[in-house]
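The structure file upload-v8.cif is reproduced below (mmCIF, C-alpha atoms).
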```
data_work
#
loop_
_atom_site.group_PDB
_atom_site.id
_atom_site.type_symbol
_atom_site.label_atom_id
_atom_site.label_comp_id
_atom_site.auth_asym_id
_atom_site.auth_seq_id
_atom_site.Cartn_x
_atom_site.Cartn_y
_atom_site.Cartn_z
ATOM 1 C CA MET A 24 -21.839 -39.662 -11.664
ATOM 2 C CA PHE A 25 -20.471 -36.171 -12.418
ATOM 3 C CA LYS A 26 -23.712 -34.519 -11.235
ATOM 4 C CA LYS A 27 -23.644 -36.535 -8.003
ATOM 5 C CA PHE A 28 -20.068 -35.397 -7.417
ATOM 6 C CA CYS A 29 -21.048 -31.731 -7.880
ATOM 7 C CA THR A 30 -24.015 -32.129 -5.550
ATOM 8 C CA LEU A 31 -21.840 -33.719 -2.882
ATOM 9 C CA LEU A 32 -19.318 -30.909 -3.128
ATOM 10 C CA LEU A 33 -22.010 -28.268 -2.752
ATOM 11 C CA LEU A 34 -23.756 -30.096 0.073
ATOM 12 C CA GLY A 35 -20.448 -30.595 1.821
ATOM 13 C CA GLY A 36 -19.994 -26.826 2.108
ATOM 14 C CA ALA A 37 -17.321 -26.537 -0.548
ATOM 15 C CA LEU A 38 -17.383 -23.353 -2.570
ATOM 16 C CA PHE A 39 -16.475 -25.017 -5.830
ATOM 17 C CA SER A 40 -18.562 -25.046 -8.959
ATOM 18 C CA CYS A 41 -18.707 -27.495 -11.787
ATOM 19 C CA GLU A 42 -18.964 -24.565 -14.181
ATOM 20 C CA THR A 43 -16.450 -21.861 -14.868
ATOM 21 C CA VAL A 44 -16.737 -19.173 -12.216
ATOM 22 C CA ASN A 45 -16.364 -15.593 -13.357
ATOM 23 C CA ARG A 46 -15.153 -13.292 -10.623
ATOM 24 C CA ASN A 47 -15.975 -9.625 -10.920
ATOM 25 C CA TYR A 48 -13.655 -6.897 -9.640
ATOM 26 C CA TYR A 49 -14.799 -3.389 -8.744
ATOM 27 C CA VAL A 50 -13.340 0.042 -8.094
ATOM 28 C CA LEU A 51 -14.928 3.247 -6.890
ATOM 29 C CA SER A 52 -15.073 5.955 -9.529
ATOM 30 C CA PRO A 53 -14.679 9.669 -8.894
ATOM 31 C CA LEU A 54 -17.420 11.805 -10.416
ATOM 32 C CA GLY A 55 -15.044 14.155 -12.187
ATOM 33 C CA THR A 56 -11.373 14.970 -12.399
ATOM 34 C CA THR A 57 -9.102 16.910 -10.088
ATOM 35 C CA PRO A 58 -7.531 20.105 -11.432
ATOM 36 C CA ILE A 59 -3.971 19.407 -12.528
ATOM 37 C CA ARG A 60 -2.228 22.047 -10.398
ATOM 38 C CA GLY A 61 -2.496 24.556 -7.640
ATOM 39 C CA GLY A 62 -5.062 25.192 -5.009
ATOM 40 C CA VAL A 63 -5.183 24.729 -1.295
ATOM 41 C CA GLY A 64 -3.338 21.716 0.104
ATOM 42 C CA ILE A 65 -5.639 19.041 1.532
ATOM 43 C CA GLY A 66 -4.421 15.891 3.265
ATOM 44 C CA ILE A 67 -6.794 12.917 3.244
ATOM 45 C CA GLY A 68 -6.227 10.473 6.091
ATOM 46 C CA PRO A 69 -5.557 8.517 8.026
ATOM 47 C CA LEU A 70 -8.667 6.595 6.993
ATOM 48 C CA THR A 71 -9.952 3.591 8.915
ATOM 49 C CA MET A 72 -12.750 1.203 7.958
ATOM 50 C CA ALA A 73 -14.874 -1.282 9.859
ATOM 51 C CA ASP A 74 -13.273 -4.722 9.928
ATOM 52 C CA TYR A 75 -15.995 -6.362 7.804
ATOM 53 C CA LEU A 76 -15.002 -4.039 4.953
ATOM 54 C CA VAL A 77 -11.270 -4.713 4.941
ATOM 55 C CA GLU A 78 -10.665 -8.193 6.343
ATOM 56 C CA ARG A 79 -12.066 -9.718 3.155
ATOM 57 C CA PRO A 80 -11.971 -8.201 -0.325
ATOM 58 C CA TYR A 81 -15.668 -8.784 -1.052
ATOM 59 C CA VAL A 82 -18.364 -6.210 -1.799
ATOM 60 C CA ALA A 83 -20.781 -6.260 1.162
ATOM 61 C CA PHE A 84 -24.575 -6.366 1.208
ATOM 62 C CA GLN A 85 -26.678 -6.198 4.395
ATOM 63 C CA SER A 86 -29.548 -8.669 4.016
ATOM 64 C CA SER A 87 -31.112 -8.162 7.461
ATOM 65 C CA PRO A 88 -30.469 -5.902 10.469
ATOM 66 C CA ASN A 89 -27.802 -8.251 11.836
ATOM 67 C CA ARG A 90 -26.557 -10.064 8.753
ATOM 68 C CA VAL A 91 -24.049 -9.016 6.116
ATOM 69 C CA GLU A 92 -23.549 -11.081 2.957
ATOM 70 C CA LEU A 93 -20.182 -11.224 1.201
ATOM 71 C CA SER A 94 -20.079 -12.609 -2.331
ATOM 72 C CA GLU A 95 -16.849 -14.294 -3.287
ATOM 73 C CA LEU A 96 -17.662 -13.561 -6.930
ATOM 74 C CA HIS A 97 -17.784 -9.771 -6.391
ATOM 75 C CA GLU A 98 -14.538 -8.361 -5.019
ATOM 76 C CA TRP A 99 -12.843 -5.004 -4.691
ATOM 77 C CA ALA A 100 -10.039 -4.800 -7.246
ATOM 78 C CA GLY A 101 -7.581 -3.495 -4.652
ATOM 79 C CA ASP A 102 -7.415 -2.219 -1.112
ATOM 80 C CA LEU A 103 -10.764 -0.555 -0.382
ATOM 81 C CA ARG A 104 -9.169 1.976 2.009
ATOM 82 C CA ASP A 105 -6.801 3.204 -0.698
ATOM 83 C CA ASP A 106 -9.553 3.267 -3.330
ATOM 84 C CA PHE A 107 -11.897 5.189 -0.997
ATOM 85 C CA SER A 108 -9.168 7.720 -0.084
ATOM 86 C CA ARG A 109 -8.184 8.361 -3.712
ATOM 87 C CA THR A 110 -11.794 8.689 -4.851
ATOM 88 C CA LEU A 111 -12.652 11.024 -1.981
ATOM 89 C CA GLY A 112 -9.524 13.097 -2.695
ATOM 90 C CA THR A 113 -10.316 13.415 -6.402
ATOM 91 C CA ASN A 114 -13.912 14.432 -5.705
ATOM 92 C CA LEU A 115 -12.840 16.900 -2.998
ATOM 93 C CA GLY A 116 -10.183 18.415 -5.271
ATOM 94 C CA ARG A 117 -12.771 18.911 -8.015
ATOM 95 C CA ARG A 118 -15.202 20.547 -5.586
ATOM 96 C CA ILE A 119 -12.704 23.017 -4.125
ATOM 97 C CA LYS A 120 -10.753 23.433 -7.377
ATOM 98 C CA SER A 121 -7.465 22.134 -6.011
ATOM 99 C CA GLY A 122 -4.954 19.793 -7.570
ATOM 100 C CA ASN A 123 -2.979 19.806 -4.321
ATOM 101 C CA ILE A 124 -4.545 16.740 -2.701
ATOM 102 C CA ARG A 125 -2.349 14.364 -0.703
ATOM 103 C CA ILE A 126 -3.225 10.905 0.598
ATOM 104 C CA TYR A 127 -1.838 9.896 3.994
ATOM 105 C CA PRO A 128 1.037 9.486 4.612
ATOM 106 C CA TRP A 129 2.297 12.555 2.773
ATOM 107 C CA ASP A 130 5.877 13.801 2.569
ATOM 108 C CA LYS A 131 5.634 17.482 3.472
ATOM 109 C CA GLU A 132 3.130 18.718 6.015
ATOM 110 C CA SER A 133 4.155 22.248 5.028
ATOM 111 C CA GLU A 134 2.190 21.769 1.767
ATOM 112 C CA ILE A 135 -0.999 20.854 3.634
ATOM 113 C CA ARG A 136 -3.438 23.526 4.846
ATOM 114 C CA TYR A 137 -6.209 21.131 5.938
ATOM 115 C CA GLN A 138 -6.249 17.517 7.035
ATOM 116 C CA VAL A 139 -9.354 15.317 6.928
ATOM 117 C CA THR A 140 -9.417 12.083 8.922
ATOM 118 C CA ILE A 141 -12.183 9.551 8.318
ATOM 119 C CA ASP A 142 -13.555 6.483 10.117
ATOM 120 C CA VAL A 143 -15.920 4.516 7.873
ATOM 121 C CA HIS A 144 -18.406 2.555 9.990
ATOM 122 C CA ARG A 145 -20.748 1.243 7.260
ATOM 123 C CA PHE A 146 -20.340 1.051 3.473
ATOM 124 C CA HIS A 147 -22.554 -1.541 1.782
ATOM 125 C CA GLY A 148 -25.813 -2.272 -0.003
ATOM 126 C CA THR A 149 -29.086 -2.832 1.829
ATOM 127 C CA SER A 150 -32.097 -5.060 1.260
ATOM 128 C CA GLU A 151 -34.198 -1.887 0.793
ATOM 129 C CA GLY A 152 -32.399 -1.191 -2.492
ATOM 130 C CA ASP A 153 -29.984 1.449 -1.220
ATOM 131 C CA ALA A 154 -26.296 1.878 -0.679
ATOM 132 C CA ILE A 155 -25.278 3.328 2.682
ATOM 133 C CA LEU A 156 -22.204 5.185 3.878
ATOM 134 C CA GLU A 157 -21.773 6.087 7.528
ATOM 135 C CA ALA A 158 -18.529 7.819 8.399
ATOM 136 C CA SER A 159 -17.202 9.975 11.214
ATOM 137 C CA TRP A 160 -14.818 12.611 9.953
ATOM 138 C CA ARG A 161 -12.797 15.490 11.304
ATOM 139 C CA ALA A 162 -11.281 18.467 9.521
ATOM 140 C CA TYR A 163 -8.193 20.143 10.985
ATOM 141 C CA ALA A 164 -6.350 23.355 10.118
ATOM 142 C CA ILE A 165 -2.637 22.751 9.548
ATOM 143 C CA PRO A 166 -0.151 23.690 10.942
ATOM 144 C CA GLY A 167 -1.161 23.285 14.535
ATOM 145 C CA GLY A 168 -3.886 20.701 14.087
ATOM 146 C CA ARG A 169 -6.752 22.956 15.210
ATOM 147 C CA LEU A 170 -10.045 21.059 14.924
ATOM 148 C CA ILE A 171 -12.433 22.855 12.542
ATOM 149 C CA THR A 172 -15.277 20.339 12.699
ATOM 150 C CA SER A 173 -16.105 16.827 13.797
ATOM 151 C CA LYS A 174 -19.142 15.155 12.250
ATOM 152 C CA THR A 175 -20.748 11.801 11.564
ATOM 153 C CA SER A 176 -22.420 11.595 8.173
ATOM 154 C CA THR A 177 -24.986 8.920 7.354
ATOM 155 C CA LEU A 178 -25.779 8.981 3.651
ATOM 156 C CA THR A 179 -27.962 6.694 1.535
ATOM 157 C CA GLU A 180 -28.252 6.439 -2.220
ATOM 158 C CA ALA A 181 -31.011 4.582 -4.011
ATOM 159 C CA LEU A 182 -29.851 1.948 -6.465
ATOM 160 C CA GLN A 183 -31.067 2.737 -9.977
ATOM 161 C CA ALA A 184 -30.973 -0.930 -11.020
ATOM 162 C CA ASP A 185 -30.270 -4.358 -9.552
ATOM 163 C CA GLY A 186 -26.790 -5.799 -9.370
ATOM 164 C CA PHE A 187 -23.322 -5.217 -8.052
ATOM 165 C CA ASP A 188 -22.333 -2.814 -10.855
ATOM 166 C CA GLU A 189 -25.067 -0.437 -9.724
ATOM 167 C CA LEU A 190 -24.260 -0.984 -6.045
ATOM 168 C CA VAL A 191 -20.659 0.125 -6.583
ATOM 169 C CA ALA A 192 -21.821 3.046 -8.764
ATOM 170 C CA ALA A 193 -24.138 4.145 -5.919
ATOM 171 C CA GLN A 194 -21.262 3.777 -3.454
ATOM 172 C CA SER A 195 -19.154 6.009 -5.718
ATOM 173 C CA ARG A 196 -21.929 8.622 -5.617
ATOM 174 C CA LEU A 197 -21.952 8.381 -1.810
ATOM 175 C CA VAL A 198 -18.215 9.082 -1.647
ATOM 176 C CA ASP A 199 -18.829 12.149 -3.817
ATOM 177 C CA ARG A 200 -21.616 13.334 -1.504
ATOM 178 C CA LEU A 201 -19.283 12.947 1.488
ATOM 179 C CA SER A 202 -16.681 15.034 -0.349
ATOM 180 C CA GLY A 203 -19.379 17.698 -0.791
ATOM 181 C CA GLU A 204 -19.994 17.851 2.968
ATOM 182 C CA ILE A 205 -16.252 18.144 3.618
ATOM 183 C CA ALA A 206 -15.842 20.823 0.920
ATOM 184 C CA GLN A 207 -18.505 22.991 2.574
ATOM 185 C CA VAL A 208 -16.476 23.035 5.799
ATOM 186 C CA ILE A 209 -13.125 23.702 4.119
ATOM 187 C CA ARG A 210 -14.471 26.549 1.936
ATOM 188 C CA LYS A 211 -15.597 28.600 4.959
#
```

Once you've parsed the file, please lay out its structure as structure tokens.
Amino acid sequence: MFKKFCTLLLLGGALFSCETVNRNYYVLSPLGTTPIRGGVGIGIGPLTMADYLVERPYVAFQSSPNRVELSELHEWAGDLRDDFSRTLGTNLGRRIKSGNIRIYPWDKESEIRYQVTIDVHRFHGTSEGDAILEASWRAYAIPGGRLITSKTSTLTEALQADGFDELVAAQSRLVDRLSGEIAQVIRK
């Protein structure tokens, strides 16, 4: 009787399980630490993300050209926009040797020399065994808001193993690679 009940629940479209469900929560990890003090002031943000990334807390995987899978058992531990901004800021600070990184909104624009705005269009795993990050970003000189560069970066990172742990690790590496592209512009 119990097995029939479970089968009916599953067939009825319910997302319940007769076993204990273990949810997994993920965060992006910077690939180093930011210097504690000093350095040029960089403002990160505003940052926007495609709706499929922020309307639900689930880690995304593209299974076909027009289909994205979201697993309710694999979720971001917090707001993905905030996590992405902090991770990008830490990686950028490490690359340009600055501990003066601010995440939008910041208090004093007078402490900011550059501002980087980002629009993340794609940030997920693919059926080819990669993670992908596509983002349009702009770097501005502050004060005055003079545009230094405007670019769209499409980056892929091969997964080194199967699973969501490796997918999120590859996504963390992609955020670091994006910070490298931004650092090259700011250093000039």

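With all atoms listed in the file as the atoms that count, the minimum distance from A:Ala100 to the choices A:Asn47, A:Thr57, A:Thr179, A:Gln207 is reached by A:Asn47.
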
Counting all atoms listed in the file, what is within 12 Å of A:Glu95, bar same-chain residues fewer than 5 positions away, as a JSON list (two decimals) with C-alpha atoms, in the coordinates of the input?
```json
[["chain", "number", "residue", "atom", "x", "y", "z"],
["A", 38, "LEU", "CA", -17.38, -23.35, -2.57],
["A", 39, "PHE", "CA", -16.48, -25.02, -5.83],
["A", 44, "VAL", "CA", -16.74, -19.17, -12.22],
["A", 45, "ASN", "CA", -16.36, -15.59, -13.36],
["A", 46, "ARG", "CA", -15.15, -13.29, -10.62],
["A", 47, "ASN", "CA", -15.98, -9.62, -10.92],
["A", 48, "TYR", "CA", -13.66, -6.90, -9.64],
["A", 79, "ARG", "CA", -12.07, -9.72, 3.16],
["A", 80, "PRO", "CA", -11.97, -8.20, -0.32],
["A", 81, "TYR", "CA", -15.67, -8.78, -1.05],
["A", 82, "VAL", "CA", -18.36, -6.21, -1.80],
["A", 83, "ALA", "CA", -20.78, -6.26, 1.16],
["A", 84, "PHE", "CA", -24.58, -6.37, 1.21]]
```

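Of the residues under consideration (A:Thr110, A:Thr71, A:Ser150, A:Ser121), A:Ser121 shows the shortest atom-to-atom contact distance to A:Arg210 when counting only C-alpha atoms.
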
So that I can see what lies close to A:Leu201, please list as a PyMOL selection string the residues with an atom at most 9 Å from it, counting all atoms listed in the file and leaving out residues fewer than 3 positions away in the same chain. chain A and resi 111+115+156+158+176+178+196-198+204-206

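Among A:Arg169, A:His97, A:Arg118, A:Arg109, the residue with the shortest atom-to-atom distance to A:Leu51, counting all atoms listed in the file, is A:Arg109.
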
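The gap separating atom CA of A:Gln183 from atom CA of A:Trp160 is 27.5 Å, in Å to one decimal.
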
Compile the contact shell of A:Ile59 as a PyMOL selection string: residues with an atom at most 12 Å away, counting all atoms listed in the file, same-chain residues fewer than 6 positions apart removed. chain A and resi 113+116-117+120-124

Create the file for the chosen residues now, containing C-alpha atoms and written as a PDB file, in the frame of the given file.
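The file below, out-v4.pdb, is the result:
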```
ATOM      1  CA  THR A 113     -10.316  13.415  -6.402  1.00  0.00           C
ATOM      2  CA  GLY A 116     -10.183  18.415  -5.271  1.00  0.00           C
ATOM      3  CA  ARG A 117     -12.771  18.911  -8.015  1.00  0.00           C
ATOM      4  CA  LYS A 120     -10.753  23.433  -7.377  1.00  0.00           C
ATOM      5  CA  SER A 121      -7.465  22.134  -6.011  1.00  0.00           C
ATOM      6  CA  GLY A 122      -4.954  19.793  -7.570  1.00  0.00           C
ATOM      7  CA  ASN A 123      -2.979  19.806  -4.321  1.00  0.00           C
ATOM      8  CA  ILE A 124      -4.545  16.740  -2.701  1.00  0.00           C
TER       9      ILE A 124
END
```

To test your reading of the syntax: which residues would the PyMOL selection byres ((chain A and resi 64) around 8) return for the file shown? Reply as an NGL selection string. :A and (62-63 or 65-66 or 121 or 123-125 or 134-137)

Grab all the atoms of stretch 173-185 of chain A that the file lists, wrap them in a box along x, y and z, add 5 Å per side, and give me centre plus edge lengths in Å (one decimal) as JSON.
```
{"center_x": -23.6, "center_y": 6.2, "center_z": 1.4, "size_x": 25.0, "size_y": 31.2, "size_z": 34.8}
```

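One finds atom CA of A:Thr172 at 7.5 Å from atom CA of A:Val208.
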
Please, could N, CA and C atoms be added to stretch 85-112 of chain A and the result written as a PDB file, in the coordinates of the input?
```pdb
ATOM      1  N   GLN A  85     -25.991  -5.876   3.138  1.00  0.00           N
ATOM      2  CA  GLN A  85     -26.678  -6.198   4.395  1.00  0.00           C
ATOM      3  C   GLN A  85     -28.063  -6.735   4.075  1.00  0.00           C
ATOM      4  N   SER A  86     -28.288  -8.011   4.375  1.00  0.00           N
ATOM      5  CA  SER A  86     -29.548  -8.669   4.016  1.00  0.00           C
ATOM      6  C   SER A  86     -30.601  -8.594   5.112  1.00  0.00           C
ATOM      7  N   SER A  87     -30.188  -8.337   6.345  1.00  0.00           N
ATOM      8  CA  SER A  87     -31.112  -8.162   7.461  1.00  0.00           C
ATOM      9  C   SER A  87     -30.409  -7.270   8.488  1.00  0.00           C
ATOM     10  N   PRO A  88     -31.108  -6.827   9.521  1.00  0.00           N
ATOM     11  CA  PRO A  88     -30.469  -5.902  10.469  1.00  0.00           C
ATOM     12  C   PRO A  88     -29.156  -6.409  11.069  1.00  0.00           C
ATOM     13  N   ASN A  89     -29.005  -7.711  11.207  1.00  0.00           N
ATOM     14  CA  ASN A  89     -27.802  -8.251  11.836  1.00  0.00           C
ATOM     15  C   ASN A  89     -27.006  -9.201  10.946  1.00  0.00           C
ATOM     16  N   ARG A  90     -27.242  -9.133   9.650  1.00  0.00           N
ATOM     17  CA  ARG A  90     -26.557 -10.064   8.753  1.00  0.00           C
ATOM     18  C   ARG A  90     -25.993  -9.327   7.540  1.00  0.00           C
ATOM     19  N   VAL A  91     -24.728  -9.578   7.282  1.00  0.00           N
ATOM     20  CA  VAL A  91     -24.049  -9.016   6.116  1.00  0.00           C
ATOM     21  C   VAL A  91     -23.617 -10.171   5.231  1.00  0.00           C
ATOM     22  N   GLU A  92     -23.927 -10.065   3.945  1.00  0.00           N
ATOM     23  CA  GLU A  92     -23.549 -11.081   2.957  1.00  0.00           C
ATOM     24  C   GLU A  92     -22.308 -10.595   2.206  1.00  0.00           C
ATOM     25  N   LEU A  93     -21.384 -11.504   1.973  1.00  0.00           N
ATOM     26  CA  LEU A  93     -20.182 -11.224   1.201  1.00  0.00           C
ATOM     27  C   LEU A  93     -20.125 -12.213   0.050  1.00  0.00           C
ATOM     28  N   SER A  94     -20.118 -11.726  -1.168  1.00  0.00           N
ATOM     29  CA  SER A  94     -20.079 -12.609  -2.331  1.00  0.00           C
ATOM     30  C   SER A  94     -18.650 -12.778  -2.807  1.00  0.00           C
ATOM     31  N   GLU A  95     -18.206 -14.023  -2.826  1.00  0.00           N
ATOM     32  CA  GLU A  95     -16.849 -14.294  -3.287  1.00  0.00           C
ATOM     33  C   GLU A  95     -16.673 -14.049  -4.780  1.00  0.00           C
ATOM     34  N   LEU A  96     -17.758 -13.837  -5.494  1.00  0.00           N
ATOM     35  CA  LEU A  96     -17.662 -13.561  -6.930  1.00  0.00           C
ATOM     36  C   LEU A  96     -17.604 -12.078  -7.234  1.00  0.00           C
ATOM     37  N   HIS A  97     -17.764 -11.228  -6.210  1.00  0.00           N
ATOM     38  CA  HIS A  97     -17.784  -9.771  -6.391  1.00  0.00           C
ATOM     39  C   HIS A  97     -16.822  -9.156  -5.387  1.00  0.00           C
ATOM     40  N   GLU A  98     -15.623  -8.811  -5.882  1.00  0.00           N
ATOM     41  CA  GLU A  98     -14.538  -8.361  -5.019  1.00  0.00           C
ATOM     42  C   GLU A  98     -14.091  -6.952  -5.393  1.00  0.00           C
ATOM     43  N   TRP A  99     -13.523  -6.270  -4.405  1.00  0.00           N
ATOM     44  CA  TRP A  99     -12.843  -5.004  -4.691  1.00  0.00           C
ATOM     45  C   TRP A  99     -11.557  -5.334  -5.435  1.00  0.00           C
ATOM     46  N   ALA A 100     -11.210  -4.533  -6.419  1.00  0.00           N
ATOM     47  CA  ALA A 100     -10.039  -4.800  -7.246  1.00  0.00           C
ATOM     48  C   ALA A 100      -8.728  -4.564  -6.499  1.00  0.00           C
ATOM     49  N   GLY A 101      -8.771  -3.777  -5.449  1.00  0.00           N
ATOM     50  CA  GLY A 101      -7.581  -3.495  -4.652  1.00  0.00           C
ATOM     51  C   GLY A 101      -7.989  -3.233  -3.218  1.00  0.00           C
ATOM     52  N   ASP A 102      -7.131  -2.560  -2.500  1.00  0.00           N
ATOM     53  CA  ASP A 102      -7.415  -2.219  -1.112  1.00  0.00           C
ATOM     54  C   ASP A 102      -8.515  -1.159  -1.064  1.00  0.00           C
ATOM     55  N   LEU A 103      -9.621  -1.466  -0.420  1.00  0.00           N
ATOM     56  CA  LEU A 103     -10.764  -0.555  -0.382  1.00  0.00           C
ATOM     57  C   LEU A 103     -10.416   0.759   0.311  1.00  0.00           C
ATOM     58  N   ARG A 104      -9.568   0.723   1.337  1.00  0.00           N
ATOM     59  CA  ARG A 104      -9.169   1.976   2.009  1.00  0.00           C
ATOM     60  C   ARG A 104      -8.468   2.908   1.039  1.00  0.00           C
ATOM     61  N   ASP A 105      -7.530   2.370   0.269  1.00  0.00           N
ATOM     62  CA  ASP A 105      -6.801   3.204  -0.698  1.00  0.00           C
ATOM     63  C   ASP A 105      -7.738   3.735  -1.774  1.00  0.00           C
ATOM     64  N   ASP A 106      -8.605   2.871  -2.286  1.00  0.00           N
ATOM     65  CA  ASP A 106      -9.553   3.267  -3.330  1.00  0.00           C
ATOM     66  C   ASP A 106     -10.487   4.366  -2.813  1.00  0.00           C
ATOM     67  N   PHE A 107     -11.008   4.200  -1.606  1.00  0.00           N
ATOM     68  CA  PHE A 107     -11.897   5.189  -0.997  1.00  0.00           C
ATOM     69  C   PHE A 107     -11.169   6.522  -0.828  1.00  0.00           C
ATOM     70  N   SER A 108      -9.945   6.486  -0.295  1.00  0.00           N
ATOM     71  CA  SER A 108      -9.168   7.720  -0.084  1.00  0.00           C
ATOM     72  C   SER A 108      -8.902   8.452  -1.385  1.00  0.00           C
ATOM     73  N   ARG A 109      -8.472   7.726  -2.419  1.00  0.00           N
ATOM     74  CA  ARG A 109      -8.184   8.361  -3.712  1.00  0.00           C
ATOM     75  C   ARG A 109      -9.443   8.941  -4.337  1.00  0.00           C
ATOM     76  N   THR A 110     -10.542   8.208  -4.268  1.00  0.00           N
ATOM     77  CA  THR A 110     -11.794   8.689  -4.851  1.00  0.00           C
ATOM     78  C   THR A 110     -12.296   9.912  -4.104  1.00  0.00           C
ATOM     79  N   LEU A 111     -12.250   9.877  -2.782  1.00  0.00           N
ATOM     80  CA  LEU A 111     -12.652  11.024  -1.981  1.00  0.00           C
ATOM     81  C   LEU A 111     -11.761  12.223  -2.301  1.00  0.00           C
ATOM     82  N   GLY A 112     -10.455  12.011  -2.386  1.00  0.00           N
ATOM     83  CA  GLY A 112      -9.524  13.097  -2.695  1.00  0.00           C
ATOM     84  C   GLY A 112      -9.781  13.714  -4.059  1.00  0.00           C
TER      85      GLY A 112
END
```
